[in-house]
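Comments concern the structure below.
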Amino acid sequence: MQTSRSANLYLACTPLQILNAAEARDRFHPDDDNFLVVFHSPRSSKKQARLAELADDAIDHHWTRTWNLRLTRISQLLFPFTARKLRQQIGHCQSLWTGGFQTQQRHLLHSIPHNQLIVFDGGAGVLQSAVNSWRSQGTRSRSLKQLIPGQNTSLPDLSKAKFFTSYALDMPPESVITNDYRVFRSHVSEKLPVRDEIVFLSQPLQRDLGLQLDVDATIDAALKFHHASRCRYILHPRETSGPPNAEKLPYLAEFFGIREGYLPKAFVTWMSSVARSLPAIYGRPVSCFDIRPVMPPGTSADYLRELQATYDDFAAAGAIILPLPASRHNSSGSLAMHESSAA
């Protein structure tokens, strides 16, 4: 594709990566040609395509062109031809942004000529774990599709790469570009109305850790702390039961404002990673209830230190760490949209 403007390519696999790609596009390259390649699994392509539209429309800009690649067994075998076609249409890139190092992404990193490689995350520091896990892999664990003739799927040299992330990475400061969602917040978050409610994002702590938490008392404590009149209780995807009127979101929590068209007074959780992402994206308070005092007897000291580090990390990102309220021995939970007695 011949153009007088600089070109940049973004590779994404998840809705949050698409949101981060749009943030990078409008922050660093608003006047360039910006191309997006989204890799979809067959089961989630429609859902991810819709969320891609929402993420892009929310920024109020448009990609120069978007390719939605549905990954099937045949398409993966023929990917060298797809990569060659993309190279012909895009040409040389000023910057190549990738949200990960899956087989097809690595192939494009070698196929598309570029001046600068920038890696961005999709939540919970996944880029750091992706790099670390690949470095620790042996050649025996590499699958056949990674060894198909015509595909260079080795991890590229990351010594000169930049990392665009809202998470703290164990890397030299000059290699990290902080993603504070300044564009998204100015175009979207700051224009959304704020309702007199809190949104409680639950987690399956009883199932995963065996904890018995007084949800009713915790909701009331959160309502009182944030001076809100009601609570909207959101179940985790792996939770099967909860308070009456509790609900599940058909999208990531990071897309709450985009999908709902408003923001709560505050988001509340136990120890979810949204405590890091939501303050940056929406600028609303996030409070976390400290579960360490109710951890089962015999919990290892290492795990308790890990929990401490998690809460310290959340606090450094701006989250408010709250003590668990005294249990009222009521296991029935609380109405998900109940009126606060403290309001």
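We label chains A, B, ... in the order they appear in the structure tokens, count residues from 1 in each chain, and number ligands from 1 in the order shown.
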- [ ] Would you list the contacts of segment 262-270 of chain A as a PyMOL selection string, taking every protein, DNA or RNA residue within 9 Å and counting only C-alpha atoms, but skipping same-chain residues closer than 2 positions in sequence?
- [x] chain A and resi 189+191-203+205+219+222+226-228+256-260+272+274-275+278-279+282+284-291
Can I get the selection written as a tab-separated table (two decimals), in the first residue's frame, with N, CA and C atoms?
```tsv
chain	number	residue	atom	x	y	z
A	189	SER	N	-14.03	8.37	29.29
A	189	SER	CA	-14.30	8.27	30.72
A	189	SER	C	-14.80	9.58	31.32
A	191	LYS	N	-16.47	11.85	30.04
A	191	LYS	CA	-17.76	12.29	29.51
A	191	LYS	C	-18.92	11.42	29.98
A	192	LEU	N	-18.63	10.35	30.71
A	192	LEU	CA	-19.68	9.45	31.17
A	192	LEU	C	-20.29	9.96	32.47
A	193	PRO	N	-21.63	9.88	32.61
A	193	PRO	CA	-22.25	10.28	33.87
A	193	PRO	C	-21.91	9.28	34.98
A	194	VAL	N	-21.93	9.76	36.22
A	194	VAL	CA	-21.64	8.92	37.38
A	194	VAL	C	-22.92	8.71	38.17
A	195	ARG	N	-23.27	7.45	38.42
A	195	ARG	CA	-24.48	7.11	39.18
A	195	ARG	C	-24.16	6.90	40.66
A	196	ASP	N	-25.20	7.05	41.46
A	196	ASP	CA	-25.06	6.88	42.91
A	196	ASP	C	-25.11	5.40	43.27
A	197	GLU	N	-24.09	4.67	42.86
A	197	GLU	CA	-24.01	3.24	43.16
A	197	GLU	C	-22.57	2.80	43.13
A	198	ILE	N	-22.32	1.64	43.71
A	198	ILE	CA	-21.04	0.97	43.57
A	198	ILE	C	-21.26	-0.29	42.74
A	199	VAL	N	-20.23	-0.71	42.04
A	199	VAL	CA	-20.26	-1.96	41.29
A	199	VAL	C	-19.27	-2.91	41.95
A	200	PHE	N	-19.80	-3.99	42.53
A	200	PHE	CA	-18.98	-4.97	43.25
A	200	PHE	C	-18.65	-6.11	42.31
A	201	LEU	N	-17.37	-6.25	41.96
A	201	LEU	CA	-16.90	-7.29	41.06
A	201	LEU	C	-16.39	-8.45	41.91
A	202	SER	N	-17.18	-9.51	41.97
A	202	SER	CA	-16.90	-10.62	42.87
A	202	SER	C	-15.85	-11.56	42.30
A	203	GLN	N	-15.43	-12.50	43.11
A	203	GLN	CA	-14.49	-13.55	42.73
A	203	GLN	C	-14.89	-14.85	43.41
A	205	LEU	N	-13.96	-16.91	45.60
A	205	LEU	CA	-13.02	-17.18	46.70
A	205	LEU	C	-13.42	-18.37	47.55
A	219	ILE	N	-20.90	-5.69	51.52
A	219	ILE	CA	-21.58	-4.72	50.66
A	219	ILE	C	-21.97	-3.48	51.46
A	222	ALA	N	-18.99	-1.33	52.07
A	222	ALA	CA	-18.57	-0.62	50.87
A	222	ALA	C	-19.50	0.56	50.57
A	226	HIS	N	-18.20	4.52	50.55
A	226	HIS	CA	-18.27	5.35	49.34
A	226	HIS	C	-19.50	6.26	49.32
A	227	HIS	N	-20.29	6.26	50.39
A	227	HIS	CA	-21.48	7.12	50.49
A	227	HIS	C	-22.40	6.92	49.28
A	228	ALA	N	-22.62	5.66	48.95
A	228	ALA	CA	-23.49	5.31	47.82
A	228	ALA	C	-24.78	4.70	48.35
A	256	PHE	N	-16.83	-1.86	31.05
A	256	PHE	CA	-18.07	-1.52	31.74
A	256	PHE	C	-18.63	-0.17	31.27
A	257	GLY	N	-17.82	0.86	31.31
A	257	GLY	CA	-18.31	2.18	30.94
A	257	GLY	C	-18.75	2.27	29.50
A	258	ILE	N	-18.03	1.59	28.60
A	258	ILE	CA	-18.39	1.61	27.19
A	258	ILE	C	-19.74	0.96	26.96
A	259	ARG	N	-19.94	-0.20	27.58
A	259	ARG	CA	-21.16	-0.95	27.35
A	259	ARG	C	-22.36	-0.38	28.11
A	260	GLU	N	-22.14	0.10	29.33
A	260	GLU	CA	-23.25	0.55	30.17
A	260	GLU	C	-23.59	2.02	29.98
A	272	SER	N	-9.15	-8.68	42.82
A	272	SER	CA	-9.11	-8.85	41.37
A	272	SER	C	-8.11	-7.89	40.74
A	274	VAL	N	-8.57	-6.11	38.34
A	274	VAL	CA	-9.23	-4.88	37.90
A	274	VAL	C	-8.88	-3.72	38.83
A	275	ALA	N	-8.39	-4.04	40.04
A	275	ALA	CA	-7.98	-2.98	40.95
A	275	ALA	C	-6.83	-2.17	40.38
A	278	LEU	N	-8.86	-0.67	36.26
A	278	LEU	CA	-10.02	0.23	36.24
A	278	LEU	C	-9.70	1.66	36.68
A	279	PRO	N	-8.88	1.89	37.72
A	279	PRO	CA	-8.55	3.28	38.04
A	279	PRO	C	-7.87	4.01	36.89
A	282	TYR	N	-10.75	4.40	33.86
A	282	TYR	CA	-11.94	5.23	34.10
A	282	TYR	C	-11.75	6.34	35.13
A	284	ARG	N	-12.10	6.22	38.24
A	284	ARG	CA	-13.00	6.09	39.39
A	284	ARG	C	-12.29	5.32	40.51
A	285	PRO	N	-12.66	5.59	41.76
A	285	PRO	CA	-12.03	4.86	42.87
A	285	PRO	C	-12.30	3.36	42.78
A	286	VAL	N	-11.34	2.59	43.21
A	286	VAL	CA	-11.50	1.14	43.34
A	286	VAL	C	-11.06	0.75	44.75
A	287	SER	N	-11.91	0.06	45.46
A	287	SER	CA	-11.55	-0.40	46.80
A	287	SER	C	-11.50	-1.92	46.83
A	288	CYS	N	-10.55	-2.45	47.60
A	288	CYS	CA	-10.35	-3.90	47.74
A	288	CYS	C	-10.47	-4.26	49.22
A	289	PHE	N	-11.22	-5.31	49.49
A	289	PHE	CA	-11.31	-5.80	50.87
A	289	PHE	C	-10.21	-6.83	51.12
A	290	ASP	N	-9.46	-6.61	52.17
A	290	ASP	CA	-8.31	-7.44	52.51
A	290	ASP	C	-8.78	-8.77	53.11
A	291	ILE	N	-8.54	-9.86	52.40
A	291	ILE	CA	-9.03	-11.17	52.83
A	291	ILE	C	-8.03	-11.92	53.71
```
Open item on the list: Which of segment 73-130 of chain A end up as helix (DSSP H, G or I) when DSSP is run on this backbone - answer as a VMD selection string?
Closed with: chain A and resid 73 to 77 79 to 90 103 to 111 126 to 130
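Put simply, atom CA of Val176 of chain A is 11.6 Å away from atom CA of Asp121 of chain A.
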I want to know what sits within 7 Å of Trp63 of chain A, based on only C-alpha atoms, with residues of the same chain fewer than 5 positions away left out; could you give that as an mmCIF file with N, CA and C atoms, in the first residue's frame?
```
data_model
loop_
_atom_site.group_PDB
_atom_site.id
_atom_site.type_symbol
_atom_site.label_atom_id
_atom_site.label_comp_id
_atom_site.auth_asym_id
_atom_site.auth_seq_id
_atom_site.Cartn_x
_atom_site.Cartn_y
_atom_site.Cartn_z
ATOM 1 N N ASN A 34 -2.805 3.544 10.315
ATOM 2 C CA ASN A 34 -2.747 2.556 11.389
ATOM 3 C C ASN A 34 -3.564 1.328 11.019
ATOM 4 N N PHE A 35 -2.902 0.182 11.002
ATOM 5 C CA PHE A 35 -3.524 -1.067 10.584
ATOM 6 C C PHE A 35 -3.633 -2.015 11.781
ATOM 7 N N LEU A 36 -4.769 -2.683 11.872
ATOM 8 C CA LEU A 36 -5.025 -3.597 12.986
ATOM 9 C C LEU A 36 -5.289 -4.999 12.458
#
```
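Separating atom CA of Arg328 of chain A from atom CA of Val294 of chain A is a distance of 14.1 Å.
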Task: Minimum-distance residue to Gln89 of chain A, chosen among A:Leu322, A:Ala280, A:Met171, A:Ile112 (using only C-alpha atoms) - done: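 Under the stated criterion, the closest residue is A:Ile112.
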Open item on the list: What does the structure give for the distance between atom CA of Pro204 of chain A and atom CA of Arg238 of chain A, in Å to one decimal?
Closed with: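 So the answer is 6.6 Å.
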Write out as a compact mmCIF listing (two decimals) with C-alpha atoms, in the first residue's frame the residues lying within 7 Å of segment 10-18 of chain A, counting only C-alpha atoms and excluding same-chain residues fewer than 2 positions away.
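Once written, selection_19.txt looks like this:
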```
# COMPACT_ATOMS: atom_id res chain seq x y z
CA ASN A 8 2.00 1.33 11.95
CA ASN A 20 -4.76 -0.79 24.37
CA ALA A 21 -3.91 -0.73 20.67
CA ALA A 22 -6.45 2.04 20.09
CA PHE A 35 -3.52 -1.07 10.58
CA LEU A 36 -5.02 -3.60 12.99
CA VAL A 37 -4.84 -7.38 12.73
CA VAL A 38 -7.12 -9.23 15.16
CA PHE A 39 -6.65 -12.97 15.63
CA HIS A 40 -9.85 -14.83 16.53
CA GLN A 48 -14.35 -10.29 19.92
CA LEU A 51 -15.93 -5.70 21.30
CA ALA A 52 -13.32 -4.48 18.81
CA ALA A 55 -13.32 -0.20 21.70
CA LEU A 96 4.93 -2.72 14.95
CA TRP A 97 2.86 -3.24 18.10
CA THR A 98 2.04 -6.73 19.35
CA GLY A 99 -0.08 -7.95 22.24
CA GLN A 105 2.07 -13.03 15.67
CA ASP A 121 -0.30 -6.07 27.42
CA GLY A 122 -3.84 -7.33 27.69
```
- [ ] Write out as an MDAnalysis selection string which residues come within 12 Å of Val183 of chain A when counting only C-alpha atoms, dropping same-chain ones fewer than 6 positions away.
- [x] chainID A and resid 19:30 58:61 189:190 280:282
- [ ] With a distance cut-off of 12 Å and only C-alpha atoms, select the neighbouring residues of Pro172 of chain A, excluding the residue or stretch itself and same-chain residues fewer than 6 positions from it, and output the selection as a ChimeraX atom specification.
- [x] /A:159-163
Write a file of the selected residues as a PDB file, in the first residue's frame, keeping N, CA and C atoms.
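Everything below was put into out.pdb:
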```pdb
ATOM      1  N   SER A 159      15.689  -7.109  22.845  1.00  0.00           N
ATOM      2  CA  SER A 159      16.631  -6.256  23.573  1.00  0.00           C
ATOM      3  C   SER A 159      16.390  -4.776  23.307  1.00  0.00           C
ATOM      4  N   LYS A 160      15.847  -4.442  22.136  1.00  0.00           N
ATOM      5  CA  LYS A 160      15.589  -3.043  21.804  1.00  0.00           C
ATOM      6  C   LYS A 160      14.099  -2.723  21.769  1.00  0.00           C
ATOM      7  N   ALA A 161      13.275  -3.675  22.178  1.00  0.00           N
ATOM      8  CA  ALA A 161      11.828  -3.454  22.157  1.00  0.00           C
ATOM      9  C   ALA A 161      11.406  -2.544  23.304  1.00  0.00           C
ATOM     10  N   LYS A 162      10.282  -1.860  23.103  1.00  0.00           N
ATOM     11  CA  LYS A 162       9.649  -1.069  24.149  1.00  0.00           C
ATOM     12  C   LYS A 162       8.422  -1.825  24.646  1.00  0.00           C
ATOM     13  N   PHE A 163       8.007  -1.540  25.883  1.00  0.00           N
ATOM     14  CA  PHE A 163       6.860  -2.220  26.481  1.00  0.00           C
ATOM     15  C   PHE A 163       5.856  -1.171  26.948  1.00  0.00           C
TER      16      PHE A 163
END
```
